[in-house]
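Colleague: Sharing a structure, written as structure tokens. Questions coming.
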Amino acid sequence: MDTKELFEKSVLVMKQLFRKEEISDAIKRAYERGEGANHELLERERTAVNELVRLIADKHSSQNPLEGIPEMRKDALILRYFRNRDMFLKTFPDGIENVAGDLVSIWAALMISPLDEITS
């Protein structure tokens, strides 16, 4: 699957999870926080975001996985999406062969990189 197709699929999942305004607002808050504070947010929310990604990817979850989640955690989820998407593009500019699975599984694989599994 080429990079463009992988990203199109991941964008579809993000659109299912968030309204356009929510993503725009999260990006605005990220600019206001600055790079250092965004990095700290990603580090502080690392484990919770991993758990949230796994919950979203869990087919048995019937409730809205973002219901009741603090705004900062949602911001961290959105920040991680953009960071990992950029990291993936640099690492695999031509995409990856033999990628199969549903949209959410592909998104989840993009969302949890080996870097995200490291515990502080």
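Chain identifiers are assigned as A, B, and so on, following the order in which chains appear in the structure tokens; residues are numbered from 1 within each chain, and ligands are numbered from 1 in order of appearance.
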Show me, as JSON lines, the residues of stretch 23-98 of chain A having an atom within 12 Å of stretch 7-12 of chain A, each with the closest atom pair and its distance in Å, using only C-alpha atoms.
Modeller:
```
{"residue": "A:Ile23", "atom": "CA", "partner": "A:Val11", "partner_atom": "CA", "distance": 11.5}
{"residue": "A:Ile78", "atom": "CA", "partner": "A:Val11", "partner_atom": "CA", "distance": 11.1}
{"residue": "A:Tyr81", "atom": "CA", "partner": "A:Ser10", "partner_atom": "CA", "distance": 8.9}
{"residue": "A:Phe82", "atom": "CA", "partner": "A:Val11", "partner_atom": "CA", "distance": 10.3}
{"residue": "A:Asn84", "atom": "CA", "partner": "A:Phe7", "partner_atom": "CA", "distance": 10.9}
{"residue": "A:Arg85", "atom": "CA", "partner": "A:Phe7", "partner_atom": "CA", "distance": 7.6}
{"residue": "A:Asp86", "atom": "CA", "partner": "A:Phe7", "partner_atom": "CA", "distance": 10.2}
{"residue": "A:Phe88", "atom": "CA", "partner": "A:Phe7", "partner_atom": "CA", "distance": 9.7}
{"residue": "A:Leu89", "atom": "CA", "partner": "A:Phe7", "partner_atom": "CA", "distance": 9.3}
{"residue": "A:Phe92", "atom": "CA", "partner": "A:Phe7", "partner_atom": "CA", "distance": 12.0}
{"residue": "A:Pro93", "atom": "CA", "partner": "A:Phe7", "partner_atom": "CA", "distance": 11.6}
{"residue": "A:Asp94", "atom": "CA", "partner": "A:Phe7", "partner_atom": "CA", "distance": 11.9}
{"residue": "A:Gly95", "atom": "CA", "partner": "A:Phe7", "partner_atom": "CA", "distance": 9.7}
{"residue": "A:Ile96", "atom": "CA", "partner": "A:Phe7", "partner_atom": "CA", "distance": 11.8}
```
Colleague: Generate the output file for the selected residues, C-alpha atoms, as an mmCIF file, in the first residue's frame.
Modeller:
```cif
data_model
loop_
_atom_site.group_PDB
_atom_site.id
_atom_site.type_symbol
_atom_site.label_atom_id
_atom_site.label_comp_id
_atom_site.auth_asym_id
_atom_site.auth_seq_id
_atom_site.Cartn_x
_atom_site.Cartn_y
_atom_site.Cartn_z
ATOM 1 C CA ILE A 23 -8.997 19.127 15.113
ATOM 2 C CA ILE A 78 -4.214 14.490 17.587
ATOM 3 C CA TYR A 81 -1.320 11.383 14.831
ATOM 4 C CA PHE A 82 0.417 14.256 13.060
ATOM 5 C CA ASN A 84 3.612 9.715 13.658
ATOM 6 C CA ARG A 85 2.244 10.460 10.216
ATOM 7 C CA ASP A 86 5.247 12.690 9.482
ATOM 8 C CA PHE A 88 6.135 7.369 8.866
ATOM 9 C CA LEU A 89 6.461 9.458 5.706
ATOM 10 C CA PHE A 92 8.676 4.770 4.468
ATOM 11 C CA PRO A 93 8.312 7.365 1.683
ATOM 12 C CA ASP A 94 7.064 4.723 -0.758
ATOM 13 C CA GLY A 95 4.658 3.014 1.659
ATOM 14 C CA ILE A 96 4.659 -0.592 2.827
#
```
Colleague: Excluding A:Val13 and its own-chain neighbours fewer than 2 positions away, which residues fall within 12 Å of it when counting only C-alpha atoms? Please give them as a PDB file with N, CA and C atoms, in the first residue's frame.
Modeller:
```pdb
ATOM      1  N   LEU A   6      -2.305   4.866   2.571  1.00  0.00           N
ATOM      2  CA  LEU A   6      -2.260   4.680   4.022  1.00  0.00           C
ATOM      3  C   LEU A   6      -2.758   5.926   4.745  1.00  0.00           C
ATOM      4  N   PHE A   7      -2.318   7.072   4.296  1.00  0.00           N
ATOM      5  CA  PHE A   7      -2.732   8.307   4.945  1.00  0.00           C
ATOM      6  C   PHE A   7      -4.204   8.610   4.707  1.00  0.00           C
ATOM      7  N   GLU A   8      -4.684   8.325   3.512  1.00  0.00           N
ATOM      8  CA  GLU A   8      -6.111   8.540   3.248  1.00  0.00           C
ATOM      9  C   GLU A   8      -6.960   7.708   4.199  1.00  0.00           C
ATOM     10  N   LYS A   9      -6.537   6.477   4.427  1.00  0.00           N
ATOM     11  CA  LYS A   9      -7.271   5.605   5.345  1.00  0.00           C
ATOM     12  C   LYS A   9      -7.193   6.124   6.779  1.00  0.00           C
ATOM     13  N   SER A  10      -6.020   6.596   7.183  1.00  0.00           N
ATOM     14  CA  SER A  10      -5.891   7.097   8.548  1.00  0.00           C
ATOM     15  C   SER A  10      -6.689   8.389   8.736  1.00  0.00           C
ATOM     16  N   VAL A  11      -6.759   9.203   7.714  1.00  0.00           N
ATOM     17  CA  VAL A  11      -7.547  10.440   7.785  1.00  0.00           C
ATOM     18  C   VAL A  11      -9.028  10.107   7.952  1.00  0.00           C
ATOM     19  N   LYS A  15     -11.434  11.448  10.937  1.00  0.00           N
ATOM     20  CA  LYS A  15     -12.699  12.145  10.661  1.00  0.00           C
ATOM     21  C   LYS A  15     -13.874  11.469  11.361  1.00  0.00           C
ATOM     22  N   GLN A  16     -13.766  10.169  11.592  1.00  0.00           N
ATOM     23  CA  GLN A  16     -14.820   9.459  12.331  1.00  0.00           C
ATOM     24  C   GLN A  16     -14.743   9.793  13.822  1.00  0.00           C
ATOM     25  N   LEU A  17     -13.546  10.042  14.305  1.00  0.00           N
ATOM     26  CA  LEU A  17     -13.343  10.305  15.727  1.00  0.00           C
ATOM     27  C   LEU A  17     -13.596  11.761  16.109  1.00  0.00           C
ATOM     28  N   PHE A  18     -13.206  12.676  15.236  1.00  0.00           N
ATOM     29  CA  PHE A  18     -13.243  14.103  15.566  1.00  0.00           C
ATOM     30  C   PHE A  18     -13.966  14.896  14.480  1.00  0.00           C
ATOM     31  N   ARG A  19     -14.657  15.930  14.920  1.00  0.00           N
ATOM     32  CA  ARG A  19     -15.208  16.894  13.969  1.00  0.00           C
ATOM     33  C   ARG A  19     -14.052  17.782  13.499  1.00  0.00           C
ATOM     34  N   VAL A  53      -5.891   4.417  22.050  1.00  0.00           N
ATOM     35  CA  VAL A  53      -5.777   3.883  20.681  1.00  0.00           C
ATOM     36  C   VAL A  53      -6.213   2.420  20.666  1.00  0.00           C
ATOM     37  N   ILE A  56     -10.000   2.234  20.957  1.00  0.00           N
ATOM     38  CA  ILE A  56     -10.636   2.584  19.690  1.00  0.00           C
ATOM     39  C   ILE A  56     -10.526   1.439  18.696  1.00  0.00           C
ATOM     40  N   ALA A  57      -9.378   0.777  18.681  1.00  0.00           N
ATOM     41  CA  ALA A  57      -9.161  -0.324  17.745  1.00  0.00           C
ATOM     42  C   ALA A  57      -9.918  -1.592  18.135  1.00  0.00           C
ATOM     43  N   ILE A  78      -4.322  13.797  18.877  1.00  0.00           N
ATOM     44  CA  ILE A  78      -4.214  14.490  17.587  1.00  0.00           C
ATOM     45  C   ILE A  78      -2.758  14.845  17.287  1.00  0.00           C
ATOM     46  N   TYR A  81      -0.954  11.759  16.205  1.00  0.00           N
ATOM     47  CA  TYR A  81      -1.320  11.383  14.831  1.00  0.00           C
ATOM     48  C   TYR A  81      -0.451  12.151  13.834  1.00  0.00           C
ATOM     49  N   ASP A 102      -8.495  -3.615   8.349  1.00  0.00           N
ATOM     50  CA  ASP A 102      -9.523  -2.599   8.256  1.00  0.00           C
ATOM     51  C   ASP A 102      -8.924  -1.228   8.531  1.00  0.00           C
ATOM     52  N   LEU A 103      -9.696  -0.205   8.279  1.00  0.00           N
ATOM     53  CA  LEU A 103      -9.224   1.170   8.454  1.00  0.00           C
ATOM     54  C   LEU A 103      -8.676   1.429   9.853  1.00  0.00           C
ATOM     55  N   VAL A 104      -9.407   0.998  10.859  1.00  0.00           N
ATOM     56  CA  VAL A 104      -9.025   1.294  12.238  1.00  0.00           C
ATOM     57  C   VAL A 104      -7.728   0.574  12.610  1.00  0.00           C
ATOM     58  N   SER A 105      -7.542  -0.637  12.140  1.00  0.00           N
ATOM     59  CA  SER A 105      -6.298  -1.364  12.430  1.00  0.00           C
ATOM     60  C   SER A 105      -5.093  -0.678  11.798  1.00  0.00           C
ATOM     61  N   ILE A 106      -5.268  -0.193  10.584  1.00  0.00           N
ATOM     62  CA  ILE A 106      -4.186   0.528   9.916  1.00  0.00           C
ATOM     63  C   ILE A 106      -3.875   1.813  10.678  1.00  0.00           C
ATOM     64  N   TRP A 107      -4.924   2.522  11.070  1.00  0.00           N
ATOM     65  CA  TRP A 107      -4.751   3.753  11.855  1.00  0.00           C
ATOM     66  C   TRP A 107      -4.031   3.456  13.171  1.00  0.00           C
ATOM     67  N   ALA A 108      -4.445   2.402  13.870  1.00  0.00           N
ATOM     68  CA  ALA A 108      -3.845   2.056  15.158  1.00  0.00           C
ATOM     69  C   ALA A 108      -2.363   1.718  14.998  1.00  0.00           C
ATOM     70  N   LEU A 110      -0.371   2.937  12.816  1.00  0.00           N
ATOM     71  CA  LEU A 110       0.309   4.208  12.611  1.00  0.00           C
ATOM     72  C   LEU A 110       0.429   4.977  13.931  1.00  0.00           C
ATOM     73  N   MET A 111      -0.586   4.853  14.768  1.00  0.00           N
ATOM     74  CA  MET A 111      -0.649   5.629  16.010  1.00  0.00           C
ATOM     75  C   MET A 111       0.288   5.139  17.103  1.00  0.00           C
TER      76      MET A 111
END
```
Colleague: Name all residues at most 10 Å from A:Ala76 (count only C-alpha atoms; drop same-chain ones fewer than 4 positions away) and give them as a PyMOL selection string.
Modeller: chain A and resi 26+30+38-46+48-49+71-72+80-82
Colleague: Any chance you could list, as a PyMOL selection string, the residues in stretch 17-108 of chain A that come up helix (DSSP H, G or I) when DSSP is run on the backbone?
Modeller: chain A and resi 17+20-33+35-44+46-57+71-91+103-108
Colleague: Could you state the separation of atom CA of A:Lys28 and atom CA of A:Lys4 in Å, given to one decimal place?
Modeller: 25.3 Å
Colleague: Using only C-alpha atoms, can you tell me which of A:Gly36, A:Gly101, A:Arg29, A:Leu77 comes closest to A:Arg54?
Modeller: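 Checking each of A:Gly36, A:Gly101, A:Arg29, A:Leu77 against A:Arg54, counting only C-alpha atoms, the winner is A:Leu77.
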Colleague: Tell me which of A:Leu52, A:Ile112, A:Met14, A:Arg33 sits closest to A:Pro70, counting only C-alpha atoms.
Modeller: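 When distances to A:Pro70 are compared using only C-alpha atoms, the smallest one comes from A:Leu52.
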Colleague: Between A:Gly34, A:Gln63, A:Thr3, A:Arg73, single out the one closest to A:Asn50, counting only C-alpha atoms.
Modeller: A:Arg73
